[in-house]
Each structure stands twice: as structure tokens, then as C-alpha cells.
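S.K.: Structure supplied as structure_39.cif; contents: mmCIF, C-alpha atoms, pLDDT in the B column; chains and numbers go by the auth columns.
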```
data_query
loop_
_atom_site.group_PDB
_atom_site.id
_atom_site.type_symbol
_atom_site.label_atom_id
_atom_site.label_comp_id
_atom_site.label_asym_id
_atom_site.label_seq_id
_atom_site.Cartn_x
_atom_site.Cartn_y
_atom_site.Cartn_z
_atom_site.B_iso_or_equiv
_atom_site.auth_seq_id
_atom_site.auth_asym_id
ATOM 1 C CA MET A 1 22.427 -11.513 -29.841 48.00 5 A
ATOM 2 C CA GLY A 2 22.413 -8.511 -27.477 51.00 6 A
ATOM 3 C CA ASN A 3 18.663 -8.229 -27.948 52.00 7 A
ATOM 4 C CA HIS A 4 18.220 -11.864 -26.851 50.00 8 A
ATOM 5 C CA ARG A 5 20.053 -11.179 -23.578 54.00 9 A
ATOM 6 C CA HIS A 6 17.883 -8.125 -22.975 51.00 10 A
ATOM 7 C CA LYS A 7 14.679 -10.155 -23.446 51.00 11 A
ATOM 8 C CA HIS A 8 16.003 -12.914 -21.169 49.00 12 A
ATOM 9 C CA ARG A 9 16.881 -10.377 -18.459 53.00 13 A
ATOM 10 C CA ASN A 10 13.362 -8.889 -18.675 52.00 14 A
ATOM 11 C CA ARG A 11 11.792 -12.345 -18.324 52.00 15 A
ATOM 12 C CA ARG A 12 13.913 -13.039 -15.220 52.00 16 A
ATOM 13 C CA LYS A 13 12.987 -9.637 -13.797 53.00 17 A
ATOM 14 C CA ASN A 14 9.271 -10.257 -14.448 53.00 18 A
ATOM 15 C CA ARG A 15 9.362 -13.516 -12.504 69.00 19 A
ATOM 16 C CA LYS A 16 10.515 -11.569 -9.443 89.00 20 A
ATOM 17 C CA ALA A 17 7.869 -8.854 -9.736 92.00 21 A
ATOM 18 C CA SER A 18 4.126 -8.955 -9.297 92.00 22 A
ATOM 19 C CA ARG A 19 1.253 -6.499 -9.798 90.00 23 A
ATOM 20 C CA HIS A 20 -0.353 -5.404 -6.538 89.00 24 A
ATOM 21 C CA HIS A 21 -3.697 -3.600 -6.335 88.00 25 A
ATOM 22 C CA ARG A 22 -3.337 -1.089 -3.506 86.00 26 A
ATOM 23 C CA ARG A 23 -7.120 -1.085 -3.241 85.00 27 A
ATOM 24 C CA PRO A 24 -8.250 -4.632 -4.071 84.00 28 A
ATOM 25 C CA ARG A 25 -10.757 -4.995 -6.869 83.00 29 A
ATOM 26 C CA SER A 26 -12.956 -6.871 -4.376 85.00 30 A
ATOM 27 C CA LEU A 27 -13.103 -3.605 -2.369 85.00 31 A
ATOM 28 C CA GLY A 28 -13.842 -1.365 -5.341 83.00 32 A
ATOM 29 C CA GLY A 29 -10.302 -0.878 -6.650 79.00 33 A
ATOM 30 C CA ARG A 30 -9.769 -0.282 -10.341 78.00 34 A
ATOM 31 C CA PRO A 31 -6.903 0.702 -12.624 74.00 35 A
ATOM 32 C CA GLY A 32 -6.048 4.383 -12.414 79.00 36 A
ATOM 33 C CA ASN A 33 -5.124 6.670 -9.547 76.00 37 A
ATOM 34 C CA ILE A 34 -6.260 7.165 -5.966 73.00 38 A
ATOM 35 C CA CYS A 35 -5.244 10.482 -4.365 71.00 39 A
ATOM 36 C CA GLY A 36 -2.739 10.995 -7.169 76.00 40 A
ATOM 37 C CA GLN A 37 -1.061 7.623 -6.542 79.00 41 A
ATOM 38 C CA PRO A 38 -1.279 4.609 -8.862 83.00 42 A
ATOM 39 C CA CYS A 39 -3.795 1.985 -7.752 86.00 43 A
ATOM 40 C CA VAL A 40 -1.754 -0.852 -9.278 88.00 44 A
ATOM 41 C CA VAL A 41 1.968 -1.033 -8.461 89.00 45 A
ATOM 42 C CA TRP A 42 4.742 -3.519 -9.195 93.00 46 A
ATOM 43 C CA THR A 43 6.236 -5.163 -6.135 94.00 47 A
ATOM 44 C CA ASN A 44 8.471 -8.058 -5.148 95.00 48 A
ATOM 45 C CA ARG A 45 6.609 -11.325 -5.803 95.00 49 A
ATOM 46 C CA ARG A 46 7.581 -12.938 -2.481 95.00 50 A
ATOM 47 C CA LYS A 47 6.596 -9.878 -0.437 95.00 51 A
ATOM 48 C CA HIS A 48 3.315 -9.660 -2.360 95.00 52 A
ATOM 49 C CA ALA A 49 2.530 -13.316 -1.586 96.00 53 A
ATOM 50 C CA ALA A 50 3.421 -12.785 2.091 96.00 54 A
ATOM 51 C CA TRP A 51 1.103 -9.747 2.265 95.00 55 A
ATOM 52 C CA HIS A 52 -1.837 -11.797 0.999 95.00 56 A
ATOM 53 C CA ILE A 53 -1.008 -14.709 3.306 97.00 57 A
ATOM 54 C CA LEU A 54 -1.151 -12.322 6.267 96.00 58 A
ATOM 55 C CA PHE A 55 -3.902 -9.938 5.185 95.00 59 A
ATOM 56 C CA ASP A 56 -5.788 -11.523 2.262 94.00 60 A
ATOM 57 C CA ASN A 57 -7.727 -8.620 0.677 92.00 61 A
ATOM 58 C CA TRP A 58 -8.726 -7.007 3.966 94.00 62 A
ATOM 59 C CA PRO A 59 -9.533 -3.294 4.190 93.00 63 A
ATOM 60 C CA PRO A 60 -6.934 -1.054 5.915 93.00 64 A
ATOM 61 C CA GLU A 61 -8.909 -0.846 9.178 94.00 65 A
ATOM 62 C CA ARG A 62 -8.835 -4.619 9.624 96.00 66 A
ATOM 63 C CA ILE A 63 -5.132 -4.833 8.693 96.00 67 A
ATOM 64 C CA PHE A 64 -4.151 -2.212 11.274 96.00 68 A
ATOM 65 C CA ASP A 65 -6.343 -3.846 13.903 97.00 69 A
ATOM 66 C CA GLU A 66 -4.583 -7.178 13.269 97.00 70 A
ATOM 67 C CA ILE A 67 -1.118 -5.588 13.394 97.00 71 A
ATOM 68 C CA ASN A 68 -1.921 -3.780 16.651 97.00 72 A
ATOM 69 C CA LYS A 69 -3.419 -6.883 18.310 97.00 73 A
ATOM 70 C CA ARG A 70 -0.838 -9.476 17.260 96.00 74 A
ATOM 71 C CA TRP A 71 2.357 -8.138 15.745 95.00 75 A
ATOM 72 C CA ILE A 72 3.784 -5.116 17.565 96.00 76 A
ATOM 73 C CA ASP A 73 4.878 -4.276 21.098 97.00 77 A
ATOM 74 C CA PRO A 74 1.674 -3.689 23.142 96.00 78 A
ATOM 75 C CA GLU A 75 3.068 -0.356 24.355 97.00 79 A
ATOM 76 C CA TYR A 76 2.646 0.945 20.792 97.00 80 A
ATOM 77 C CA GLU A 77 -0.283 1.428 18.479 96.00 81 A
ATOM 78 C CA ILE A 78 -0.295 2.133 14.759 95.00 82 A
ATOM 79 C CA VAL A 79 -2.974 4.683 13.930 93.00 83 A
ATOM 80 C CA LEU A 80 -4.676 4.785 10.546 91.00 84 A
ATOM 81 C CA ARG A 81 -6.231 7.925 9.155 86.00 85 A
ATOM 82 C CA LYS A 82 -7.538 8.701 5.724 83.00 86 A
ATOM 83 C CA LYS A 83 -5.418 11.270 3.895 77.00 87 A
ATOM 84 C CA GLY A 84 -6.686 14.811 4.338 76.00 88 A
ATOM 85 C CA LEU A 85 -8.673 13.954 7.496 65.00 89 A
ATOM 86 C CA VAL A 86 -7.885 14.661 11.144 69.00 90 A
ATOM 87 C CA GLY A 87 -10.476 13.447 13.627 66.00 91 A
ATOM 88 C CA GLY A 88 -12.914 12.924 10.764 62.00 92 A
ATOM 89 C CA VAL A 89 -12.610 16.580 9.717 68.00 93 A
ATOM 90 C CA LYS A 90 -11.318 17.419 6.216 65.00 94 A
ATOM 91 C CA ILE A 91 -8.172 19.532 6.377 63.00 95 A
ATOM 92 C CA PRO A 92 -7.383 21.782 3.398 63.00 96 A
ATOM 93 C CA VAL A 93 -4.215 20.782 1.555 56.00 97 A
ATOM 94 C CA GLY A 94 -1.128 22.728 2.603 55.00 98 A
ATOM 95 C CA LYS A 95 -2.414 23.774 6.039 49.00 99 A
ATOM 96 C CA GLU A 96 -0.014 21.558 7.988 50.00 100 A
ATOM 97 C CA GLY A 97 2.998 23.253 9.579 51.00 101 A
ATOM 98 C CA ARG A 98 6.658 22.275 9.385 52.00 102 A
ATOM 99 C CA ASP A 99 6.207 20.101 12.480 52.00 103 A
ATOM 100 C CA GLY A 100 3.605 18.010 10.611 54.00 104 A
ATOM 101 C CA ASN A 101 0.759 19.262 12.808 54.00 105 A
ATOM 102 C CA PHE A 102 -2.260 21.091 11.488 50.00 106 A
ATOM 103 C CA HIS A 103 -2.692 24.716 12.612 46.00 107 A
#
```
In C-alpha cells, write the structure found in this file.
M.R.:
Amino acid sequence: MGNHRHKHRNRRKNRKASRHHRRPRSLGGRPGNICGQPCVVWTNRRKHAAWHILFDNWPPERIFDEINKRWIDPEYEIVLRKKGLVGGVKIPVGKEGRDGNFH
């Protein structure tokens, strides 16, 4: 009987979770890792649906452009940069200082 409860709890949990491709397959995403992070993650089903309502399968540049134009205080800007790059220049890992700036 305890096993039945466990299975039921897992089914309930699964209905609340959804698989999210951090890099959509339509943009070249695949199972595995990107920069040491999993490409597919489990997330809240409602938040996942909301993400796709707002941003479909857009690339990060388009998402940030949309957020900056429509969703945040115009005195602020969210800046996107690819990991390991500053101003388009590759920065060796571990070269950033305690303040988060590269030296």
C-alpha cells in the first residue's frame, strides 16, 4: 500500500513539472550539456507555459530586446553577454577578480 501512495505522489508531482529545453531544438538544442549545464531541465509547468506564451522559442537576443523595450523601467537595461566573452573578446576562465570585473 505504501508503494501505491509513492506512485500516486510521483504522478501528481509530474503533472506540475515540465521539461524545458534551455536551447530550443528549433535553434540547434539537443540533449546533453551546454557550458557544463544541462540543456534540458525540469521546471514548473505553469511557468514553462508562460515563458513560451511570452517568448515562444526566440533566441536570447530577441528575448532581451523584448524585455528591455516592453517590460522593465526605461531607466534600466538588461544586458546579455555570452559566457566567457566581454566585448566580444574571449576571457580565460578564472581571470575575473573578486569584484566580478576582469583584470
S.K.: Taking (-0.1, -0.1, -11.5) in the file's coordinates, which residues come within 8 Å, counting only C-alpha atoms, written as number ranges by chain?
M.R.: A: 23-25, 35-36, 42-46
S.K.: Could you tell me how far atom CA of Gly32 of chain A sits from atom CA of Ile67 of chain A, in Å to one decimal place?
M.R.: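 Interatomic distance, atom CA of Ile67 of chain A to atom CA of Gly32 of chain A: 16.9 Å.
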S.K.: Please enclose the listed atoms of segment 37-46 of chain A in an axis-aligned box, pad each side by 3 Å, and write out the centre and the three edge lengths in Å, rounded to one decimal, as lines of an AutoDock Vina configuration file.
M.R.:
```
center_x = -0.8
center_y = 3.7
center_z = -7.0
size_x = 17.0
size_y = 20.5
size_z = 11.2
```
S.K.: For Glu81 of chain A, which residue among A:Asp69, A:Gln41, A:Thr47, A:Ala21 is the nearest when counting all atoms listed in the file?
M.R.: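 The closest residue to Glu81 of chain A is A:Asp69.
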S.K.: Would you mind telling me which residue in A:Arg34, A:Lys20, A:Lys87, A:Lys73 lies nearest to Asn48 of chain A when using only C-alpha atoms?
M.R.: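 Closest candidate: A:Lys20.
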